[in-house]
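Everything on this sheet refers to the single structure shown next.
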2 protein chains.
Amino acid sequence: MKTRFVLINTSHAGNVGATARAMKVMGFDDLVLVAPRWANVLNREETIQRASGALDVLKNARIVATLDEALDGMAHLCATAMTPRDFGPPTRAPRAHFADLLSKKERDAESGQGLRPDSVAFLFGSERFGMQNEDVYRCHVALSIPTDPKFGSLNLGAAVQLIAYDWRQALGGFAVQSATPEPQLADAAAVAGMLRHWEEALTDIGFLDPASPKKLMPRLNQLFNRAQLSPEEIHILRGVAKAMSKSALNKAMPDADKTTRSADTPAAQ
Amino acid sequence: MKTRFVLINTSHAGNVGATARAMKVMGFDDLVLVAPRWANVLNREETIQRASGALDVLKNARIVATLDEALDGMAHLCATAMTPRDFGPPTRAPRAHFADLLSKKERDAESGQGLRPDSVAFLFGSERFGMQNEDVYRCHVALSIPTDPKFGSLNLGAAVQLIAYDWRQALGGFAVQSATPEPQLADAAAVAGMLRHWEEALTDIGFLDPASPKKLMPRLNQLFNRAQLSPEEIHILRGVAKAMSKSALNKAMPDADKTTRSADTPAAQ
């Protein structure tokens, strides 16, 4: 959906740069500044620095004199306003409003009834004074990011980042690039074989007494179930068992090679 | 739940201040810095300035030499890592992981089985190099904020803000302080009465022809239904209807007072 971010009377150049970066990481690029404090804000050093790599957003950004010019072609207007007003559009949390807006959009597509926005503009007021009432009155909703009632002072760039994130998520979001290959689970037979291997080894090293095993093996079984072992880890644990037995038996009878007892296990190959 | 934010080898003072502010607006206050670039980072001017009012978070923050010291007493460790690794904890989106973590927590409370964290630490690496592999390997999960694959460069303070927001939301969140009184809906009878009043008025001003009304009134009915009128707005619209009739009828016959036709309406009192 066509999405625009509008900063009204922004005074800190750093916030303009941070806004461009916050938009770009969430895949948005339409930025309009209404009467910013600095006419050259798009080229100021602090702006460039805080924008990091998002220079194309700054390059395409428009500076206009009035909110009217900033809102051309936008259907659904979201104010971001923290200060209570006696009158105005309903105040809603971004996540809930976005979900309703998009589900309503679908429902409307069927019924052909009611609101069907194809474009959304997010309006942000100045750092010091927020949005003016007359600007809020034009909007369909006043988005309020839920913050600690004792400390609601959200930085402008941070507010843009949160709105851009929630809106992108509502639109379907970006996929998380998994950093690791999908974990492969060892099957129950492999776990059971490993446990039999450990039972032998724990007996060889004198930790498990076959005469009174107590609940040792069931406890280990539960532990390894929770650990959700991979085939590689089964292999490692069998290697540990093999080494336990080998060291114990070799110590007991140096010239005997009892490790053949484990010859049926992969780790013993 | 006990929650801690851990910044490892942070180099920009401004990011430490932004982190303190990002935490505080979401109601968190436990910040630990592991070997930051500046030993006096908590007192630097840029830190104080970017922290805005979150000075208590800076005041209570600890600076330690090693990650071990930073993690004392924390059960569930969340790395934040963007760069893919061949091996390590599963990579997950914050929102999905937090939902599972907390629902798992409940399920475990019943069954007495498995992971039951009572504390969560979020680890953030340095601005330039991110987290070192050996630090990521200690964690239960690698959180990856879904960003545009073409531009994933998230500012450190912005990343802290998004994680703090999603975690606070997962924990139940803060209530949105409604800026306006709950909207009261006019009932259908009030809407119907207003529409009858408008039908008269639109006839008086010659816009509605009773001989061929077409679908004008049903269309207005649909429009006003979608608008979800309040009692105050019904009153306003009746006032408009009354004024339409009055001006039309007075022009037609100056000395007659035809407005008594609307005497049964509130707007006519």
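Chain identifiers are assigned as A, B, and so on, following the order in which chains appear in the structure tokens; residues are numbered from 1 within each chain, and ligands are numbered from 1 in order of appearance.
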Would you write out, as a tab-separated table, a table of all residues in chain B that have an atom no more than 9 Å from an atom of chain A, listing for each the closest atom pair and the distance in Å to one decimal, considering only C-alpha atoms and ordering rows by chain and rising residue number?
```
residue	atom	partner	partner_atom	distance
B:Ala18	CA	A:Asn155	CA	8.3
B:Arg21	CA	A:Leu154	CA	7.5
B:Ala22	CA	A:Leu154	CA	7.3
B:Lys24	CA	A:Phe151	CA	6.8
B:Val25	CA	A:Thr147	CA	5.2
B:Met26	CA	A:Thr147	CA	5.3
B:Gly27	CA	A:Asp148	CA	5.3
B:Arg50	CA	A:Asn155	CA	8.7
B:Ser52	CA	A:Ser153	CA	8.0
B:Gly53	CA	A:Ser153	CA	7.6
B:Ala54	CA	A:Phe151	CA	8.4
B:Ala81	CA	A:Ala179	CA	8.7
B:Met82	CA	A:Ala179	CA	7.9
B:Thr83	CA	A:Ala179	CA	7.0
B:Pro84	CA	A:Ala179	CA	3.9
B:Arg85	CA	A:Ala179	CA	5.2
B:Asp86	CA	A:Thr180	CA	5.5
B:Phe87	CA	A:Thr180	CA	5.6
B:Gly88	CA	A:Thr180	CA	6.6
B:Pro89	CA	A:Thr180	CA	7.6
B:Pro90	CA	A:Thr180	CA	6.6
B:Thr91	CA	A:Ser178	CA	5.3
B:Arg92	CA	A:Val176	CA	6.8
B:Ala93	CA	A:Val176	CA	6.3
B:Gln113	CA	A:Arg226	CA	8.7
B:Gly114	CA	A:Arg226	CA	6.4
B:Leu115	CA	A:Arg226	CA	8.6
B:Ala142	CA	A:Ala179	CA	8.4
B:Ser144	CA	A:Val176	CA	6.5
B:Ile145	CA	A:Val176	CA	7.3
B:Pro146	CA	A:Val176	CA	5.3
B:Thr147	CA	A:Val25	CA	5.2
B:Asp148	CA	A:Val25	CA	5.3
B:Pro149	CA	A:Phe174	CA	7.6
B:Lys150	CA	A:Val25	CA	8.2
B:Phe151	CA	A:Val25	CA	5.4
B:Gly152	CA	A:Val25	CA	5.4
B:Ser153	CA	A:Val25	CA	6.5
B:Leu154	CA	A:Val25	CA	6.5
B:Asn155	CA	A:Arg21	CA	8.0
B:Gly157	CA	A:Ala158	CA	8.1
B:Ala158	CA	A:Ala158	CA	6.1
B:Gln161	CA	A:Ala158	CA	6.8
B:Leu162	CA	A:Leu162	CA	6.4
B:Tyr165	CA	A:Leu162	CA	8.0
B:Arg168	CA	A:Thr147	CA	9.0
B:Gln169	CA	A:Pro146	CA	8.5
B:Gly173	CA	A:Pro146	CA	7.0
B:Phe174	CA	A:Pro146	CA	5.3
B:Ala175	CA	A:Pro146	CA	6.1
B:Val176	CA	A:Pro146	CA	5.3
B:Gln177	CA	A:Thr91	CA	7.8
B:Ser178	CA	A:Thr91	CA	5.3
B:Ala179	CA	A:Pro84	CA	3.9
B:Thr180	CA	A:Asp86	CA	5.5
B:Pro181	CA	A:Asp86	CA	7.3
B:Glu182	CA	A:Pro90	CA	8.1
B:Pro183	CA	A:Pro90	CA	8.0
B:Leu223	CA	A:Gly114	CA	8.8
B:Arg226	CA	A:Gly114	CA	6.5
```
(request) For Trp38 (chain A), work out the shell of residues within 10 Å, counting only C-alpha atoms and skipping chain neighbours fewer than 5 positions away, then give it as a list of chain:residue names. (result) A:Asn9, A:Thr10, A:Ser11, A:His12, A:Ala13, A:Asn43, A:Arg44
When you look at Ala61 (chain B) with a cut-off of 9 Å (counting only C-alpha atoms), what residues show up, excluding the ones that are within fewer than 5 positions of it in the same chain? I need them as a compact mmCIF listing (two decimals) with all heavy atoms, in the first residue's frame.
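Produced file result09.txt, reproduced below:
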```
# COMPACT_ATOMS: atom_id res chain seq x y z
N ALA B 20 18.99 3.98 26.88
CA ALA B 20 18.37 4.25 28.19
C ALA B 20 16.96 4.80 28.00
O ALA B 20 16.01 4.37 28.66
CB ALA B 20 19.23 5.24 28.97
N ASP B 29 14.49 -0.93 33.19
CA ASP B 29 15.49 -0.05 33.82
C ASP B 29 16.83 -0.74 34.12
O ASP B 29 17.70 -0.14 34.72
CB ASP B 29 14.93 0.52 35.12
CG ASP B 29 14.50 -0.60 36.09
OD1 ASP B 29 14.83 -1.77 35.82
OD2 ASP B 29 13.84 -0.29 37.10
N ASP B 30 16.98 -2.00 33.71
CA ASP B 30 18.20 -2.74 34.03
C ASP B 30 19.13 -2.76 32.82
O ASP B 30 18.94 -3.52 31.88
CB ASP B 30 17.84 -4.16 34.47
CG ASP B 30 19.06 -4.94 34.95
OD1 ASP B 30 20.19 -4.42 34.87
OD2 ASP B 30 18.87 -6.08 35.41
N LEU B 31 20.15 -1.87 32.85
CA LEU B 31 21.09 -1.73 31.73
C LEU B 31 22.51 -2.07 32.19
O LEU B 31 22.95 -1.59 33.23
CB LEU B 31 21.05 -0.29 31.20
CG LEU B 31 22.11 0.12 30.16
CD1 LEU B 31 21.97 -0.70 28.88
CD2 LEU B 31 22.00 1.61 29.86
N VAL B 32 23.18 -2.93 31.44
CA VAL B 32 24.57 -3.28 31.75
C VAL B 32 25.42 -3.08 30.49
O VAL B 32 25.03 -3.52 29.40
CB VAL B 32 24.69 -4.74 32.24
CG1 VAL B 32 26.15 -5.07 32.53
CG2 VAL B 32 23.83 -4.97 33.48
N LEU B 33 26.55 -2.41 30.65
CA LEU B 33 27.47 -2.19 29.54
C LEU B 33 28.71 -3.06 29.73
O LEU B 33 29.34 -2.99 30.78
CB LEU B 33 27.88 -0.72 29.47
CG LEU B 33 26.76 0.32 29.44
CD1 LEU B 33 27.35 1.73 29.41
CD2 LEU B 33 25.85 0.09 28.25
N LEU B 42 28.73 6.83 30.63
CA LEU B 42 27.48 7.16 31.32
C LEU B 42 27.39 8.64 31.67
O LEU B 42 26.30 9.15 31.95
CB LEU B 42 27.35 6.31 32.59
CG LEU B 42 27.20 4.80 32.35
CD1 LEU B 42 27.21 4.04 33.67
CD2 LEU B 42 25.91 4.51 31.58
N ASP B 56 17.76 8.23 35.26
CA ASP B 56 17.82 7.22 36.33
C ASP B 56 18.32 5.89 35.77
O ASP B 56 19.04 5.16 36.46
CB ASP B 56 16.45 7.06 37.00
CG ASP B 56 15.35 6.82 35.97
OD1 ASP B 56 15.52 7.18 34.79
OD2 ASP B 56 14.30 6.25 36.35
```
(request) For each of B:Ala121, B:Val16, B:Ala189, B:Leu249, take the minimum atom-to-atom distance to Asp72 (chain B), counting only C-alpha atoms, then give the residue where this is smallest. (result)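 Counting only C-alpha atoms, the residue closest to Asp72 (chain B) is B:Ala121.
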(message) Calculated over only C-alpha atoms, which of the candidates B:Leu171, B:Thr47, B:Ile8, B:Arg219 has the smallest distance to Asp100 (chain B)?
(response)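 Of the candidates, the smallest distance to Asp100 (chain B) is held by B:Leu171.
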Using only C-alpha atoms, which residues sit within 12 Å of Phe207 (chain A) once same-chain residues fewer than 5 positions away are excluded, as a PDB file with all heavy atoms, in the first residue's frame?
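Output file around_36.pdb follows:
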```
ATOM      1  N   TRP A 198      25.278 -45.174  26.558  1.00  0.00           N
ATOM      2  CA  TRP A 198      25.642 -44.463  27.786  1.00  0.00           C
ATOM      3  C   TRP A 198      25.459 -45.372  29.014  1.00  0.00           C
ATOM      4  O   TRP A 198      26.262 -45.339  29.948  1.00  0.00           O
ATOM      5  CB  TRP A 198      24.822 -43.193  27.937  1.00  0.00           C
ATOM      6  CG  TRP A 198      25.522 -42.008  27.341  1.00  0.00           C
ATOM      7  CD1 TRP A 198      25.838 -41.845  26.038  1.00  0.00           C
ATOM      8  CD2 TRP A 198      26.025 -40.873  28.046  1.00  0.00           C
ATOM      9  NE1 TRP A 198      26.513 -40.662  25.857  1.00  0.00           N
ATOM     10  CE2 TRP A 198      26.642 -40.042  27.082  1.00  0.00           C
ATOM     11  CE3 TRP A 198      26.014 -40.469  29.384  1.00  0.00           C
ATOM     12  CZ2 TRP A 198      27.246 -38.831  27.431  1.00  0.00           C
ATOM     13  CZ3 TRP A 198      26.601 -39.262  29.717  1.00  0.00           C
ATOM     14  CH2 TRP A 198      27.221 -38.452  28.743  1.00  0.00           C
ATOM     15  N   GLU A 199      24.419 -46.192  28.997  1.00  0.00           N
ATOM     16  CA  GLU A 199      24.176 -47.070  30.156  1.00  0.00           C
ATOM     17  C   GLU A 199      25.380 -47.993  30.367  1.00  0.00           C
ATOM     18  O   GLU A 199      25.888 -48.141  31.484  1.00  0.00           O
ATOM     19  CB  GLU A 199      22.907 -47.890  29.920  1.00  0.00           C
ATOM     20  CG  GLU A 199      22.431 -48.653  31.144  1.00  0.00           C
ATOM     21  CD  GLU A 199      21.016 -49.196  30.962  1.00  0.00           C
ATOM     22  OE1 GLU A 199      20.513 -49.167  29.816  1.00  0.00           O
ATOM     23  OE2 GLU A 199      20.432 -49.616  31.971  1.00  0.00           O
ATOM     24  N   GLU A 200      25.874 -48.567  29.251  1.00  0.00           N
ATOM     25  CA  GLU A 200      27.089 -49.395  29.326  1.00  0.00           C
ATOM     26  C   GLU A 200      28.249 -48.582  29.903  1.00  0.00           C
ATOM     27  O   GLU A 200      28.916 -48.998  30.864  1.00  0.00           O
ATOM     28  CB  GLU A 200      27.511 -49.859  27.919  1.00  0.00           C
ATOM     29  CG  GLU A 200      26.616 -50.874  27.250  1.00  0.00           C
ATOM     30  CD  GLU A 200      27.070 -51.137  25.815  1.00  0.00           C
ATOM     31  OE1 GLU A 200      28.161 -50.646  25.440  1.00  0.00           O
ATOM     32  OE2 GLU A 200      26.327 -51.790  25.082  1.00  0.00           O
ATOM     33  N   ALA A 201      28.448 -47.400  29.313  1.00  0.00           N
ATOM     34  CA  ALA A 201      29.623 -46.597  29.681  1.00  0.00           C
ATOM     35  C   ALA A 201      29.551 -46.151  31.136  1.00  0.00           C
ATOM     36  O   ALA A 201      30.543 -46.226  31.871  1.00  0.00           O
ATOM     37  CB  ALA A 201      29.724 -45.386  28.752  1.00  0.00           C
ATOM     38  N   LEU A 202      28.366 -45.746  31.574  1.00  0.00           N
ATOM     39  CA  LEU A 202      28.225 -45.282  32.964  1.00  0.00           C
ATOM     40  C   LEU A 202      28.444 -46.441  33.926  1.00  0.00           C
ATOM     41  O   LEU A 202      28.903 -46.252  35.067  1.00  0.00           O
ATOM     42  CB  LEU A 202      26.842 -44.656  33.172  1.00  0.00           C
ATOM     43  CG  LEU A 202      26.611 -43.350  32.398  1.00  0.00           C
ATOM     44  CD1 LEU A 202      25.160 -42.901  32.505  1.00  0.00           C
ATOM     45  CD2 LEU A 202      27.555 -42.257  32.914  1.00  0.00           C
ATOM     46  N   SER A 212      21.300 -51.534  41.355  1.00  0.00           N
ATOM     47  CA  SER A 212      20.280 -50.557  41.773  1.00  0.00           C
ATOM     48  C   SER A 212      20.407 -49.304  40.915  1.00  0.00           C
ATOM     49  O   SER A 212      20.996 -48.304  41.328  1.00  0.00           O
ATOM     50  CB  SER A 212      20.460 -50.203  43.257  1.00  0.00           C
ATOM     51  OG  SER A 212      21.663 -49.491  43.445  1.00  0.00           O
ATOM     52  N   PRO A 213      19.885 -49.399  39.691  1.00  0.00           N
ATOM     53  CA  PRO A 213      20.038 -48.281  38.722  1.00  0.00           C
ATOM     54  C   PRO A 213      19.262 -47.036  39.121  1.00  0.00           C
ATOM     55  O   PRO A 213      19.459 -45.961  38.562  1.00  0.00           O
ATOM     56  CB  PRO A 213      19.473 -48.892  37.435  1.00  0.00           C
ATOM     57  CG  PRO A 213      18.506 -49.933  37.900  1.00  0.00           C
ATOM     58  CD  PRO A 213      19.077 -50.501  39.172  1.00  0.00           C
ATOM     59  N   LYS A 214      18.353 -47.183  40.117  1.00  0.00           N
ATOM     60  CA  LYS A 214      17.478 -46.060  40.483  1.00  0.00           C
ATOM     61  C   LYS A 214      16.806 -45.482  39.214  1.00  0.00           C
ATOM     62  O   LYS A 214      16.474 -46.214  38.294  1.00  0.00           O
ATOM     63  CB  LYS A 214      18.292 -44.966  41.200  1.00  0.00           C
ATOM     64  CG  LYS A 214      19.104 -45.499  42.377  1.00  0.00           C
ATOM     65  CD  LYS A 214      19.020 -44.557  43.563  1.00  0.00           C
ATOM     66  CE  LYS A 214      19.723 -45.111  44.780  1.00  0.00           C
ATOM     67  NZ  LYS A 214      21.165 -45.359  44.530  1.00  0.00           N
ATOM     68  N   LEU A 216      18.243 -43.243  37.162  1.00  0.00           N
ATOM     69  CA  LEU A 216      19.257 -42.497  36.421  1.00  0.00           C
ATOM     70  C   LEU A 216      18.965 -42.442  34.925  1.00  0.00           C
ATOM     71  O   LEU A 216      18.878 -41.357  34.331  1.00  0.00           O
ATOM     72  CB  LEU A 216      20.654 -43.101  36.658  1.00  0.00           C
ATOM     73  CG  LEU A 216      21.792 -42.415  35.879  1.00  0.00           C
ATOM     74  CD1 LEU A 216      21.879 -40.943  36.244  1.00  0.00           C
ATOM     75  CD2 LEU A 216      23.129 -43.115  36.138  1.00  0.00           C
ATOM     76  N   MET A 217      18.767 -43.634  34.292  1.00  0.00           N
ATOM     77  CA  MET A 217      18.585 -43.620  32.836  1.00  0.00           C
ATOM     78  C   MET A 217      17.301 -42.901  32.400  1.00  0.00           C
ATOM     79  O   MET A 217      17.324 -42.109  31.458  1.00  0.00           O
ATOM     80  CB  MET A 217      18.644 -45.059  32.282  1.00  0.00           C
ATOM     81  CG  MET A 217      20.004 -45.731  32.454  1.00  0.00           C
ATOM     82  SD  MET A 217      21.414 -44.643  32.085  1.00  0.00           S
ATOM     83  CE  MET A 217      21.178 -44.364  30.330  1.00  0.00           C
ATOM     84  N   MET A 244      34.516 -43.011  27.495  1.00  0.00           N
ATOM     85  CA  MET A 244      34.353 -43.361  28.923  1.00  0.00           C
ATOM     86  C   MET A 244      34.694 -44.822  29.122  1.00  0.00           C
ATOM     87  O   MET A 244      35.521 -45.194  29.971  1.00  0.00           O
ATOM     88  CB  MET A 244      32.913 -43.097  29.382  1.00  0.00           C
ATOM     89  CG  MET A 244      32.574 -41.654  29.631  1.00  0.00           C
ATOM     90  SD  MET A 244      31.009 -41.483  30.561  1.00  0.00           S
ATOM     91  CE  MET A 244      29.817 -41.618  29.243  1.00  0.00           C
ATOM     92  N   SER A 245      34.080 -45.699  28.304  1.00  0.00           N
ATOM     93  CA  SER A 245      34.303 -47.142  28.451  1.00  0.00           C
ATOM     94  C   SER A 245      35.769 -47.494  28.196  1.00  0.00           C
ATOM     95  O   SER A 245      36.409 -48.201  28.969  1.00  0.00           O
ATOM     96  CB  SER A 245      33.410 -47.915  27.463  1.00  0.00           C
ATOM     97  OG  SER A 245      32.059 -47.703  27.792  1.00  0.00           O
ATOM     98  N   ALA A 248      38.034 -46.475  31.030  1.00  0.00           N
ATOM     99  CA  ALA A 248      37.777 -47.274  32.239  1.00  0.00           C
ATOM    100  C   ALA A 248      38.304 -48.700  32.067  1.00  0.00           C
ATOM    101  O   ALA A 248      39.042 -49.215  32.914  1.00  0.00           O
ATOM    102  CB  ALA A 248      36.286 -47.311  32.532  1.00  0.00           C
TER     103      ALA A 248
END
```
(request) Could you check how far CA of Leu237 (chain A) sits from CA of Thr80 (chain B), in Å to one decimal? (result) 29.5 Å
(request) Between CA of Thr66 (chain A) and CA of Phe129 (chain A), measure the distance and give it in Å to one decimal. (result)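 Here the two named atoms are 17.1 Å from each other.
Here CA of Pro218 (chain A) is placed at a distance of 13.0 Å from CA of Met194 (chain A).
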(request) Could you please write out, as a ChimeraX atom specification, every residue of region 54-143 of chain A that DSSP assigns to strand (DSSP E or B)? (result) /A:62-64,76-80,91-92,119-124,126,130,141-143
Selected residues written out, N, CA, C and O atoms, as a JSON list (two decimals), in the first residue's frame:
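Final output, out.json:
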```json
[["chain", "number", "residue", "atom", "x", "y", "z"],
["A", 62, "ARG", "N", 10.66, 15.36, -0.09],
["A", 62, "ARG", "CA", 10.16, 16.67, -0.52],
["A", 62, "ARG", "C", 10.04, 17.59, 0.70],
["A", 62, "ARG", "O", 9.68, 17.14, 1.78],
["A", 63, "ILE", "N", 10.37, 18.87, 0.50],
["A", 63, "ILE", "CA", 10.12, 19.87, 1.52],
["A", 63, "ILE", "C", 9.01, 20.78, 1.03],
["A", 63, "ILE", "O", 9.09, 21.31, -0.08],
["A", 64, "VAL", "N", 7.91, 20.91, 1.79],
["A", 64, "VAL", "CA", 6.77, 21.74, 1.38],
["A", 64, "VAL", "C", 6.43, 22.73, 2.50],
["A", 64, "VAL", "O", 6.88, 22.58, 3.64],
["A", 76, "HIS", "N", -5.90, 7.78, 3.84],
["A", 76, "HIS", "CA", -6.10, 7.54, 5.28],
["A", 76, "HIS", "C", -5.00, 8.25, 6.07],
["A", 76, "HIS", "O", -3.82, 7.98, 5.87],
["A", 77, "LEU", "N", -5.41, 9.16, 6.94],
["A", 77, "LEU", "CA", -4.43, 10.00, 7.66],
["A", 77, "LEU", "C", -4.32, 9.58, 9.12],
["A", 77, "LEU", "O", -5.32, 9.58, 9.85],
["A", 78, "CYS", "N", -3.11, 9.21, 9.52],
["A", 78, "CYS", "CA", -2.86, 8.80, 10.91],
["A", 78, "CYS", "C", -2.04, 9.87, 11.61],
["A", 78, "CYS", "O", -0.86, 10.07, 11.28],
["A", 79, "ALA", "N", -2.65, 10.56, 12.59],
["A", 79, "ALA", "CA", -1.88, 11.46, 13.44],
["A", 79, "ALA", "C", -1.12, 10.62, 14.45],
["A", 79, "ALA", "O", -1.52, 9.50, 14.78],
["A", 80, "THR", "N", 0.01, 11.13, 14.90],
["A", 80, "THR", "CA", 0.68, 10.52, 16.05],
["A", 80, "THR", "C", 0.68, 11.60, 17.12],
["A", 80, "THR", "O", 1.37, 12.61, 16.98],
["A", 91, "THR", "N", -8.36, 7.68, 19.61],
["A", 91, "THR", "CA", -6.97, 7.34, 19.91],
["A", 91, "THR", "C", -6.83, 5.83, 19.96],
["A", 91, "THR", "O", -7.59, 5.16, 20.65],
["A", 92, "ARG", "N", -5.87, 5.27, 19.18],
["A", 92, "ARG", "CA", -5.73, 3.82, 19.12],
["A", 92, "ARG", "C", -4.27, 3.41, 19.14],
["A", 92, "ARG", "O", -3.39, 4.20, 18.76],
["A", 119, "SER", "N", -4.00, 4.20, 0.38],
["A", 119, "SER", "CA", -2.79, 4.94, 0.74],
["A", 119, "SER", "C", -2.93, 5.43, 2.19],
["A", 119, "SER", "O", -4.03, 5.75, 2.63],
["A", 120, "VAL", "N", -1.80, 5.45, 2.89],
["A", 120, "VAL", "CA", -1.79, 5.84, 4.30],
["A", 120, "VAL", "C", -0.66, 6.82, 4.55],
["A", 120, "VAL", "O", 0.47, 6.61, 4.08],
["A", 121, "ALA", "N", -0.98, 7.91, 5.25],
["A", 121, "ALA", "CA", 0.06, 8.88, 5.63],
["A", 121, "ALA", "C", 0.17, 8.92, 7.15],
["A", 121, "ALA", "O", -0.84, 8.92, 7.85],
["A", 122, "PHE", "N", 1.41, 8.91, 7.63],
["A", 122, "PHE", "CA", 1.68, 9.02, 9.07],
["A", 122, "PHE", "C", 2.24, 10.40, 9.35],
["A", 122, "PHE", "O", 3.26, 10.79, 8.76],
["A", 123, "LEU", "N", 1.57, 11.15, 10.24],
["A", 123, "LEU", "CA", 1.96, 12.53, 10.52],
["A", 123, "LEU", "C", 2.65, 12.63, 11.88],
["A", 123, "LEU", "O", 2.13, 12.12, 12.88],
["A", 124, "PHE", "N", 3.81, 13.29, 11.91],
["A", 124, "PHE", "CA", 4.56, 13.46, 13.15],
["A", 124, "PHE", "C", 4.80, 14.94, 13.39],
["A", 124, "PHE", "O", 5.27, 15.66, 12.52],
["A", 126, "SER", "N", 6.25, 18.38, 15.78],
["A", 126, "SER", "CA", 7.60, 18.84, 16.13],
["A", 126, "SER", "C", 8.02, 18.21, 17.46],
["A", 126, "SER", "O", 7.19, 17.82, 18.28],
["A", 130, "GLY", "N", 4.79, 18.66, 19.50],
["A", 130, "GLY", "CA", 3.90, 17.66, 18.94],
["A", 130, "GLY", "C", 3.06, 18.24, 17.81],
["A", 130, "GLY", "O", 3.46, 19.21, 17.17],
["A", 141, "VAL", "N", -7.46, 8.95, 12.57],
["A", 141, "VAL", "CA", -7.13, 8.29, 13.84],
["A", 141, "VAL", "C", -5.93, 8.99, 14.44],
["A", 141, "VAL", "O", -5.11, 9.59, 13.72],
["A", 142, "ALA", "N", -5.85, 8.96, 15.77],
["A", 142, "ALA", "CA", -4.65, 9.44, 16.46],
["A", 142, "ALA", "C", -3.95, 8.21, 17.03],
["A", 142, "ALA", "O", -4.45, 7.59, 17.96],
["A", 143, "LEU", "N", -2.82, 7.84, 16.43],
["A", 143, "LEU", "CA", -2.09, 6.67, 16.90],
["A", 143, "LEU", "C", -1.28, 7.05, 18.13],
["A", 143, "LEU", "O", -0.58, 8.06, 18.15]]
```
(request) May I ask which of the residues A:Val6, A:Ala70, A:Val57, A:Ile163 is the closest one to Ala96 (chain A), counting only C-alpha atoms? (result)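 Between A:Val6, A:Ala70, A:Val57, A:Ile163, the residue approaching Ala96 (chain A) most closely is A:Ile163.
Comparing B:Val34, B:Gly14, B:Val191, B:Leu185 by their smallest distance to Leu156 (chain B), the closest is B:Gly14 (using only C-alpha atoms).
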